[in-house]
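Listing of model10.txt, compact mmCIF, C-alpha atoms
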```txt
# COMPACT_ATOMS: atom_id res chain seq x y z
CA MET A 18 86.23 135.55 97.58
CA GLU A 19 87.04 135.75 101.30
CA ASN A 20 88.07 132.09 101.43
CA ILE A 21 90.23 132.49 98.33
CA ASP A 22 91.97 135.56 99.80
CA ALA A 23 92.67 133.70 103.06
CA ILE A 24 94.19 130.79 101.09
CA LYS A 25 96.30 133.16 98.96
CA SER A 26 97.82 134.66 102.09
CA LEU A 27 97.97 131.30 103.92
CA ASN A 28 95.98 132.88 106.75
CA VAL A 29 95.04 129.90 108.92
CA ASP A 30 93.03 131.75 111.55
CA ARG A 31 90.98 133.68 108.99
CA LEU A 32 90.07 130.59 106.97
CA ARG A 33 89.14 128.67 110.12
CA VAL A 34 86.72 131.45 111.07
CA LEU A 35 85.19 131.53 107.57
CA ILE A 36 84.75 127.75 107.40
CA GLY A 37 83.38 127.73 110.97
CA LYS A 38 80.71 130.24 109.97
CA LEU A 39 79.76 128.17 106.94
CA LYS A 40 79.52 125.04 109.02
CA THR A 41 77.29 126.76 111.57
CA ASN A 42 75.07 128.38 108.93
CA THR A 43 74.57 125.10 107.08
CA ASP A 44 74.37 122.98 110.25
CA ARG A 45 77.48 121.06 109.22
CA ARG A 46 78.81 120.24 112.65
CA ARG A 47 81.24 117.70 111.33
CA LEU A 48 82.83 116.56 108.09
CA LEU A 49 82.90 112.82 107.47
CA ILE A 50 86.19 111.83 105.89
CA SER A 51 85.70 108.06 106.19
CA SER A 52 83.89 105.63 108.41
CA LEU A 53 86.69 105.96 110.96
CA LEU A 54 87.88 109.57 110.64
CA VAL A 55 85.69 112.50 111.72
CA LEU A 56 86.90 116.09 111.57
CA HIS A 57 86.15 118.38 114.50
CA PHE A 58 87.34 121.93 115.01
CA SER A 59 87.16 121.43 118.79
CA SER A 60 89.91 118.79 119.00
CA PRO A 61 92.72 117.65 116.70
CA THR A 62 92.29 114.71 114.36
CA ILE A 63 95.10 112.19 114.79
CA VAL A 64 96.35 110.15 111.81
CA LYS A 65 99.10 107.53 112.08
CA SER A 66 100.54 107.34 108.56
CA GLU A 67 101.21 109.56 105.55
CA LYS A 68 98.64 107.55 103.60
CA ASP A 69 95.94 108.27 106.19
CA LEU A 70 96.96 111.93 106.16
CA TYR A 71 96.62 112.25 102.37
CA THR A 72 93.38 110.29 102.36
CA PHE A 73 91.97 112.62 105.01
CA ILE A 74 93.07 115.77 103.22
CA ASN A 75 91.89 114.62 99.80
CA HIS A 76 88.37 114.02 101.13
CA ILE A 77 87.90 117.43 102.74
CA ASP A 78 84.88 119.31 101.39
CA LEU A 79 86.56 121.39 98.67
CA GLY A 80 83.52 123.60 98.11
CA GLU A 81 83.49 124.53 101.78
CA TYR A 82 87.26 125.08 101.77
CA LEU A 83 87.05 127.43 98.77
CA GLY A 84 83.71 128.97 99.71
CA ILE A 85 82.17 127.75 96.43
CA PHE A 86 78.70 126.24 96.46
CA ASP A 87 77.23 127.28 93.08
CA ASN A 88 77.04 124.68 90.33
CA THR A 89 79.26 126.73 88.04
CA VAL A 90 81.54 129.66 88.93
CA ASN A 91 84.10 131.93 87.31
CA CYS A 92 87.50 130.28 87.34
CA ILE A 93 89.53 131.25 90.43
CA LEU A 94 92.95 130.24 89.07
CA PRO A 95 95.40 133.15 88.84
CA ASP A 96 96.29 132.72 85.16
CA HIS A 97 92.75 132.47 83.84
CA GLN A 98 90.61 135.59 83.37
CA ASP A 99 87.18 134.00 83.15
CA ASN A 100 84.22 136.20 82.24
CA THR A 101 81.89 133.27 81.60
CA PRO A 102 81.45 130.80 84.50
CA SER A 103 83.25 127.65 83.41
CA ALA A 104 84.43 125.97 86.63
CA HIS A 105 82.81 123.55 89.04
CA ILE A 106 83.64 120.88 91.62
CA TYR A 107 83.09 117.20 90.88
CA TYR A 108 83.89 113.97 92.76
CA THR A 109 86.01 111.05 91.58
CA ASP A 110 84.95 107.43 92.08
CA ASP A 111 86.74 107.28 95.44
CA GLY A 112 85.04 110.45 96.68
CA THR A 113 87.89 112.92 96.10
CA PRO A 114 86.56 116.41 95.25
CA ILE A 115 88.25 117.99 92.22
CA TYR A 116 88.14 121.62 91.08
CA LYS A 117 87.68 121.55 87.31
CA CYS A 118 87.70 124.48 84.88
CA PHE A 119 86.62 123.73 81.34
CA GLY A 120 87.76 127.15 80.16
CA CYS A 121 91.48 126.59 80.86
CA ASN A 122 91.17 122.79 81.04
CA SER A 123 92.64 122.61 84.55
CA ALA A 124 91.93 120.08 87.30
CA ARG A 125 93.13 120.62 90.87
CA THR A 126 92.88 118.80 94.20
CA ILE A 127 92.71 120.71 97.47
CA THR A 128 96.50 120.53 97.73
CA THR A 129 97.39 121.60 94.20
CA ILE A 130 94.87 124.44 94.13
CA THR A 131 96.32 125.70 97.43
CA GLU A 132 99.82 125.59 95.93
CA GLU A 133 98.67 127.58 92.90
CA LEU A 134 96.57 130.16 94.73
CA ALA A 135 99.18 130.80 97.44
CA ASN A 136 102.18 130.34 95.12
CA CYS A 137 103.67 128.00 97.72
CA THR A 138 105.38 124.61 97.81
CA HIS A 139 103.61 121.28 98.23
CA SER A 140 104.78 120.87 101.83
CA GLU A 141 103.65 124.42 102.68
CA ALA A 142 100.22 123.66 101.24
CA ILE A 143 99.95 120.42 103.25
CA ASN A 144 100.98 122.18 106.48
CA PHE A 145 98.48 124.97 105.84
CA ILE A 146 95.60 122.52 105.35
CA LYS A 147 96.69 120.53 108.43
CA ASN A 148 96.62 123.72 110.53
CA VAL A 149 93.26 124.86 109.16
CA TYR A 150 91.60 121.54 109.94
CA ASP A 151 93.69 120.74 113.03
CA ILE A 152 95.12 117.48 111.71
CA GLU A 153 98.10 115.90 113.42
CA LEU A 154 100.32 113.18 112.01
CA VAL A 155 101.53 111.20 115.02
CA GLN A 156 103.92 108.33 114.36
CA SER A 157 105.23 105.99 117.02
CA ASP A 158 108.88 105.05 117.44
CA TRP A 159 108.00 101.64 115.97
CA THR A 160 106.51 103.25 112.86
CA LEU A 161 109.53 105.50 112.33
CA GLN A 162 111.88 102.54 112.84
CA GLN A 163 110.02 100.38 110.30
CA LYS A 164 109.99 103.19 107.74
CA GLN A 165 113.73 103.60 108.11
CA LEU A 166 114.23 99.84 107.68
CA LEU A 167 112.43 99.97 104.33
CA ILE A 168 114.63 102.87 103.21
CA ASP A 169 117.74 101.00 104.41
CA CYS A 170 116.68 97.92 102.42
CA ALA A 171 116.31 99.99 99.25
CA ASN A 172 119.75 101.55 99.78
CA TYR A 173 121.39 98.20 100.67
CA LEU A 174 120.83 96.90 97.14
CA ASP A 175 123.25 99.54 95.82
CA THR A 176 126.05 98.79 98.30
CA THR A 177 129.35 97.01 97.64
CA ASP A 178 128.45 94.74 100.56
CA PHE A 179 125.45 93.36 98.66
CA LYS A 180 127.17 93.13 95.27
CA GLU A 181 130.29 91.34 96.57
CA THR A 182 128.61 89.03 99.10
CA PHE A 183 125.78 87.96 96.78
CA PRO A 184 127.17 88.28 93.22
CA GLU A 185 124.68 85.93 91.50
CA LEU A 186 121.74 87.40 93.39
CA ASN A 187 122.87 90.86 92.32
CA LYS A 188 123.08 89.74 88.68
CA MET A 189 119.71 87.97 88.84
CA ILE A 190 117.84 91.15 89.87
CA ARG A 191 119.99 93.59 87.90
CA THR A 192 117.31 94.61 85.38
CA ARG A 193 114.52 94.57 87.99
CA LYS A 194 116.23 96.07 91.05
CA LEU A 195 114.69 99.49 90.51
CA HIS A 196 111.20 97.97 90.70
CA LEU A 197 111.95 96.59 94.17
CA GLN A 198 113.50 99.84 95.39
CA LYS A 199 110.49 101.84 94.23
CA MET A 200 108.15 99.45 96.03
CA LEU A 201 110.14 99.73 99.26
CA ILE A 202 110.05 103.52 99.19
CA HIS A 203 106.38 103.57 98.19
CA PHE A 204 105.36 101.41 101.15
CA THR A 205 107.04 103.72 103.68
CA GLN A 206 103.95 105.92 103.58
CA TYR A 207 101.72 102.96 104.53
CA VAL A 208 103.55 101.86 107.68
CA ASN A 209 101.00 101.81 110.48
CA GLU A 210 101.40 100.12 113.86
CA ASP A 211 97.75 99.04 113.70
CA LEU A 212 98.49 96.90 110.64
CA GLN A 213 101.26 94.39 111.34
CA VAL A 214 101.90 90.66 111.51
CA ASP A 215 104.63 89.15 113.70
CA GLY A 216 106.07 92.58 114.42
CA LYS A 217 106.47 93.56 110.77
CA PRO A 218 104.30 96.02 108.77
CA LEU A 219 101.69 94.51 106.47
CA PHE A 220 101.09 96.03 103.04
CA PHE A 221 98.28 95.60 100.56
CA ALA A 222 98.49 96.81 96.97
CA SER A 223 96.80 95.98 93.69
CA TYR A 224 98.78 95.21 90.55
CA ASN A 225 97.56 98.46 89.00
CA THR A 226 98.96 100.43 91.93
CA LEU A 227 102.31 98.64 91.77
CA MET A 228 102.48 99.12 88.00
CA ASP A 229 102.19 102.87 88.57
CA VAL A 230 104.76 102.77 91.38
CA CYS A 231 107.29 100.79 89.32
CA GLU A 232 106.43 102.66 86.10
CA ILE A 233 105.62 99.40 84.32
CA LYS A 234 102.95 99.28 81.63
CA ASP A 235 102.93 95.50 81.22
CA LYS A 236 101.19 93.50 83.98
CA THR A 237 103.13 90.38 82.96
CA ARG A 238 106.42 92.15 83.55
CA LEU A 239 105.30 93.22 87.02
CA SER A 240 104.15 89.69 87.81
CA GLN A 241 107.56 88.33 86.80
CA SER A 242 109.30 90.83 89.08
CA ILE A 243 107.12 89.96 92.08
CA ILE A 244 107.61 86.21 91.55
CA LEU A 245 111.37 86.76 91.26
CA PHE A 246 111.60 88.89 94.42
CA THR A 247 109.47 86.43 96.39
CA LEU A 248 111.49 83.41 95.26
CA LEU A 249 114.73 85.19 96.21
CA ASN A 250 113.50 86.11 99.75
CA MET A 251 113.38 89.83 98.96
CA LEU A 252 109.62 90.06 99.32
CA ASP A 253 107.20 87.97 101.39
CA LYS A 254 103.68 87.17 100.29
CA VAL A 255 101.71 86.80 103.51
CA GLN A 256 99.74 83.57 103.98
CA LEU A 257 95.97 84.09 103.94
CA SER A 258 95.67 82.54 107.41
CA GLU A 259 97.88 85.29 108.86
CA ILE A 260 96.02 88.27 107.37
CA PRO A 261 93.83 90.19 109.88
CA THR A 262 90.13 89.49 109.33
CA ASP A 263 89.14 93.07 108.46
CA GLU A 264 91.89 93.40 105.85
CA LEU A 265 91.14 89.98 104.41
CA ASN A 266 87.47 90.91 104.01
CA LYS A 267 88.47 94.07 102.15
CA ALA A 268 90.61 92.00 99.77
CA LYS A 269 87.73 89.55 99.22
CA HIS A 270 85.39 92.43 98.45
CA ILE A 271 87.80 93.88 95.88
CA SER A 272 88.32 90.47 94.25
CA ALA A 273 84.56 89.92 94.04
CA LYS A 274 83.98 93.41 92.68
CA TYR A 275 86.46 93.00 89.82
CA GLY A 276 85.98 89.29 89.25
CA PHE A 277 89.51 88.25 90.26
CA LYS A 278 90.07 84.49 90.60
CA LYS A 279 92.55 84.98 93.45
CA LEU A 280 92.85 87.58 96.21
CA THR A 281 95.21 90.51 95.86
CA ASN A 282 98.44 89.76 97.70
CA PHE A 283 99.52 91.14 101.06
CA TYR A 284 103.25 91.81 101.37
CA GLN A 285 105.97 92.11 104.00
CA PHE A 286 109.72 92.72 103.89
CA GLY A 287 112.45 91.21 106.02
CA GLU A 288 115.53 93.21 106.97
CA TYR A 289 118.04 92.85 104.13
CA GLY A 290 121.45 91.43 105.00
CA PHE A 291 123.37 88.14 105.22
CA LYS A 292 120.77 86.38 107.38
CA GLN A 293 118.01 87.29 104.92
CA PHE A 294 119.90 86.42 101.73
CA LYS A 295 122.15 83.47 102.63
CA ASP A 296 119.73 81.04 100.89
CA SER A 297 118.88 83.53 98.14
CA GLU A 298 122.35 83.27 96.61
CA LYS A 299 121.94 79.46 96.35
CA ILE A 300 118.59 79.90 94.60
CA ALA A 301 120.10 82.43 92.19
CA ILE A 302 122.96 80.02 91.39
CA THR A 303 120.47 77.20 90.68
CA MET A 304 118.49 79.47 88.36
CA LYS A 305 121.68 80.41 86.53
CA GLU A 306 122.70 76.76 86.15
CA ASN A 307 119.23 76.02 84.75
CA ASN A 308 119.56 78.91 82.28
CA ILE A 309 116.16 80.09 83.46
CA SER A 310 114.76 83.25 81.92
CA LEU A 311 112.22 85.44 83.67
CA LYS A 312 109.69 84.52 80.99
CA GLY A 313 110.02 80.92 82.13
CA LEU A 314 109.74 81.70 85.83
CA SER A 315 106.41 79.96 86.38
CA ARG A 316 104.77 78.24 89.32
CA GLU A 317 105.48 74.83 87.82
CA TYR A 318 109.15 75.70 87.28
CA VAL A 319 109.46 76.66 90.96
CA LEU A 320 107.56 73.54 91.99
CA ARG A 321 109.77 71.21 89.89
CA THR A 322 113.06 72.88 90.79
CA PHE A 323 112.72 73.87 94.45
CA GLY A 324 109.87 71.74 95.80
CA THR A 325 106.50 72.34 97.45
CA GLU A 326 107.72 74.40 100.43
CA ILE A 327 109.31 77.12 98.30
CA ALA A 328 106.45 76.93 95.78
CA ASP A 329 103.98 77.56 98.62
CA LYS A 330 106.05 80.52 99.77
CA THR A 331 106.28 81.98 96.26
CA PHE A 332 102.67 81.22 95.35
CA PRO A 333 100.79 81.07 98.68
CA GLN A 334 97.38 81.26 97.02
CA TYR A 335 98.09 78.06 95.10
CA LYS A 336 98.81 75.78 98.06
CA TYR A 337 96.10 73.36 97.01
CA GLU A 338 97.39 73.21 93.44
CA ASN A 339 101.00 72.87 94.65
CA LYS A 340 100.05 69.93 96.85
CA LYS A 341 98.61 68.14 93.80
CA GLY A 342 101.95 68.56 92.01
CA THR A 343 102.59 69.57 88.42
CA SER A 344 99.77 69.39 85.90
CA HIS A 345 99.19 66.51 83.49
CA LYS A 346 99.69 68.88 80.58
CA SER A 347 103.05 70.04 81.96
CA ASP A 348 104.18 66.47 82.70
CA LYS A 349 103.25 65.36 79.19
CA ALA A 350 105.17 68.24 77.63
CA THR A 351 108.20 67.54 79.82
CA LEU A 352 108.28 63.85 78.83
CA LYS A 353 107.94 64.80 75.17
CA ILE A 354 110.96 67.09 75.45
CA ALA A 355 112.97 64.44 77.29
CA ASP A 356 112.14 61.81 74.64
CA LYS A 357 113.20 64.18 71.87
CA VAL A 358 116.49 64.97 73.66
CA LEU A 359 117.33 61.29 74.07
CA GLU A 360 116.33 60.48 70.50
CA THR A 361 118.50 63.27 69.07
CA ILE A 362 121.54 62.32 71.20
CA GLU A 363 121.12 58.68 70.17
CA ASN A 364 121.02 59.57 66.48
CA ARG A 365 123.61 62.34 66.39
CA GLY A 366 125.59 62.11 69.60
CA TYR A 367 124.64 65.56 70.94
CA ILE A 368 121.84 68.15 71.08
CA LEU A 369 121.97 71.97 71.12
CA GLU A 370 119.79 74.29 73.18
CA LYS A 371 118.31 75.79 70.03
CA ASP A 372 117.24 72.27 68.95
CA ILE A 373 115.27 71.87 72.15
```
Could you render the structure from this file as structure tokens?
Amino acid sequence: MENIDAIKSLNVDRLRVLIGKLKTNTDRRRLLISSLLVLHFSSPTIVKSEKDLYTFINHIDLGEYLGIFDNTVNCILPDHQDNTPSAHIYYTDDGTPIYKCFGCNSARTITTITEELANCTHSEAINFIKNVYDIELVQSDWTLQQKQLLIDCANYLDTTDFKETFPELNKMIRTRKLHLQKMLIHFTQYVNEDLQVDGKPLFFASYNTLMDVCEIKDKTRLSQSIILFTLLNMLDKVQLSEIPTDELNKAKHISAKYGFKKLTNFYQFGEYGFKQFKDSEKIAITMKENNISLKGLSREYVLRTFGTEIADKTFPQYKYENKKGTSHKSDKATLKIADKVLETIENRGYILEKDI
């Protein structure tokens, strides 16, 4: 229980000594966190983003941290008096160790179990773990500047400046604006000067991740939002040719693993303002004049309405298909609609939208 007592009192020096003894006794000279990050007690470990920090912390050996190495132990949580050993440590698919008690049906990461044992806040728990394992979050001026730009972009969408200067753009994103703001704030933790293209941060996220971020349960709804934001110059999908080789290989591996037909997108954001949105208002006006609904916001609609250049920007992974033009099936359906419109007007003198 010595480790547990040190955690309860947030005693950094005591826990470092206890873990150091364990590491010496078990010949664990170092703790591998990932292929790039190695934890040493002799020198600080430097991480450059919040995401790297949380990844590092969440892969610390939880058994060593708690001083628990038996298969099953009595529950150590304060509100569970456990006379029959019912707790153990297991690992998730991504290698995160989890403390699990079947008696009180509780699951805790290294951070949450520290919060509970020490009765402290989340930030206090993070700082304690950082001090125990000598982890330093070091962010450059560029990183801090880019993070602030993302926050400023999210806030800009709520300003009078945006609403009055770009009224149709504001209306077009009205029901989806919160999705974009949540994405902007989410990506602040991923800003890393080692991952950038043309001076702007590069972000990679799966649809499942973005669905969680935006609190959307329907993948189609998320897809519509991303297409809308990209078309309106609020979000950039990075061309495959511009993605760093290592990151592109990771995306290819993920696509192959899950059988995706196309690679997961990489994203960037420009700085919101008049320069960024002067063409966006024109696009929003065209969409309004076309009575386009988000359900109808397809690749072929963009291709027909705005041309190949904007279609390539909105759907960069379909450059080959865009170059070929609209599909035969789509062309046939379009001609059929046009014939029916002309026939009805000829017979009756007019046609209503509901007729079409």
With all atoms listed in the file as the counted atoms, please give the residues lying no more than 12 Å from Arg238 (chain A), apart from itself and same-chain residues fewer than 5 positions off, as a ChimeraX atom specification. /A:192-193,196,224,227-228,231-233,243-245,311-314
Please measure the separation of CA of Leu32 (chain A) and CA of Gly84 (chain A), giving the value in Å to one decimal.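 Separating CA of Leu32 (chain A) from CA of Gly84 (chain A) is a distance of 9.8 Å.
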Distance in Å - CA of His345 (chain A) versus CA of Ala301 (chain A):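 Result for CA of His345 (chain A) versus CA of Ala301 (chain A): 27.7 Å, one decimal.
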Distance CA of Gln162 (chain A)-CA of Lys188 (chain A), one decimal place? 29.5 Å
For Thr160 (chain A): contacts at 8 Å, all atoms listed in the file, fewer than 5 positions along chain excluded, given as a list in words: Val208, Asn209 and Glu210 of chain A
At most 10 Å from (86.1, 132.2, 89.8), file frame, only C-alpha atoms: which residues, as a list in words?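 Residues satisfying the cut-off, written out: Met18, Ile21, Ile85, Thr89, Val90, Asn91, Cys92, Ile93, Leu94, Pro95, His97, Gln98, Asp99, Asn100, Thr101, Pro102, Ser103, Ala104, His105 and Cys118 of chain A.
Counting only C-alpha atoms, Leu212 (chain A) has the following residues at most 12 Å away, ignoring those fewer than 4 positions along the same chain: Lys65, Ser66, Trp159, Thr160, Tyr207, Val208, Gly216, Lys217, Pro218, Leu219, Phe220, Phe221, Glu259, Ile260, Pro261, Thr262, Asp263, Glu264, Leu265, Phe283, Tyr284 and Gln285 of chain A.
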Distance criterion (all atoms listed in the file): nearest to Asn339 (chain A) out of A:Leu320, A:Phe145, A:Leu352, A:Glu288: A:Leu320
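Residue nearest Cys170 (chain A), chosen from A:Arg191, A:Phe286, A:Ala23, A:Leu248 and counting all atoms listed in the file: A:Phe286.
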As AutoDock Vina command-line options, what would the box around region 115-132 of chain A look like: edges along x, y and z, 4 Å added on every side, centre and edge lengths in Å to one decimal?
```
--center_x 93.2 --center_y 122.6 --center_z 88.9 --size_x 21.2 --size_y 17.2 --size_z 25.6
```
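Considering all atoms listed in the file, the residue among A:Lys147, A:Arg33, A:Lys117, A:Lys164 positioned nearest to Tyr71 (chain A) is A:Lys147.
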Take the point (102.1, 79.1, 95.6) as written in the file and pick out every residue within 12 Å of it, counting only C-alpha atoms; give the list as number ranges by chain. A: 244, 247-248, 253-257, 279, 282, 315-320, 323-343
Would you list the contacts of His76 (chain A) as a VMD selection string, taking every protein, DNA or RNA residue within 7 Å and counting all atoms listed in the file, but skipping same-chain residues closer than 4 positions in sequence? chain A and resid 50 72 112 to 114
Output file for the residues above (C-alpha atoms, as a PDB file, in the coordinates of the input):
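File part32.pdb, as written:
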```pdb
ATOM      1  CA  ILE A  50      86.190 111.830 105.890  1.00  0.00           C
ATOM      2  CA  THR A  72      93.380 110.290 102.360  1.00  0.00           C
ATOM      3  CA  GLY A 112      85.040 110.450  96.680  1.00  0.00           C
ATOM      4  CA  THR A 113      87.890 112.920  96.100  1.00  0.00           C
ATOM      5  CA  PRO A 114      86.560 116.410  95.250  1.00  0.00           C
TER       6      PRO A 114
END
```
Using all atoms listed in the file, can you tell me which of A:Val214, A:Lys305, A:Ile368, A:Val230 comes closest to Ser258 (chain A)?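 When distances to Ser258 (chain A) are compared using all atoms listed in the file, the smallest one comes from A:Val214.
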May I have the residues within 9 Å of Phe86 (chain A) as an mmCIF file with C-alpha atoms, in the coordinates of the input, using only C-alpha atoms and disregarding those fewer than 5 positions away in the same chain?
```cif
data_model
loop_
_atom_site.group_PDB
_atom_site.id
_atom_site.type_symbol
_atom_site.label_atom_id
_atom_site.label_comp_id
_atom_site.auth_asym_id
_atom_site.auth_seq_id
_atom_site.Cartn_x
_atom_site.Cartn_y
_atom_site.Cartn_z
ATOM 1 C CA GLY A 80 83.520 123.600 98.110
ATOM 2 C CA GLU A 81 83.490 124.530 101.780
ATOM 3 C CA HIS A 105 82.810 123.550 89.040
ATOM 4 C CA ILE A 106 83.640 120.880 91.620
#
```
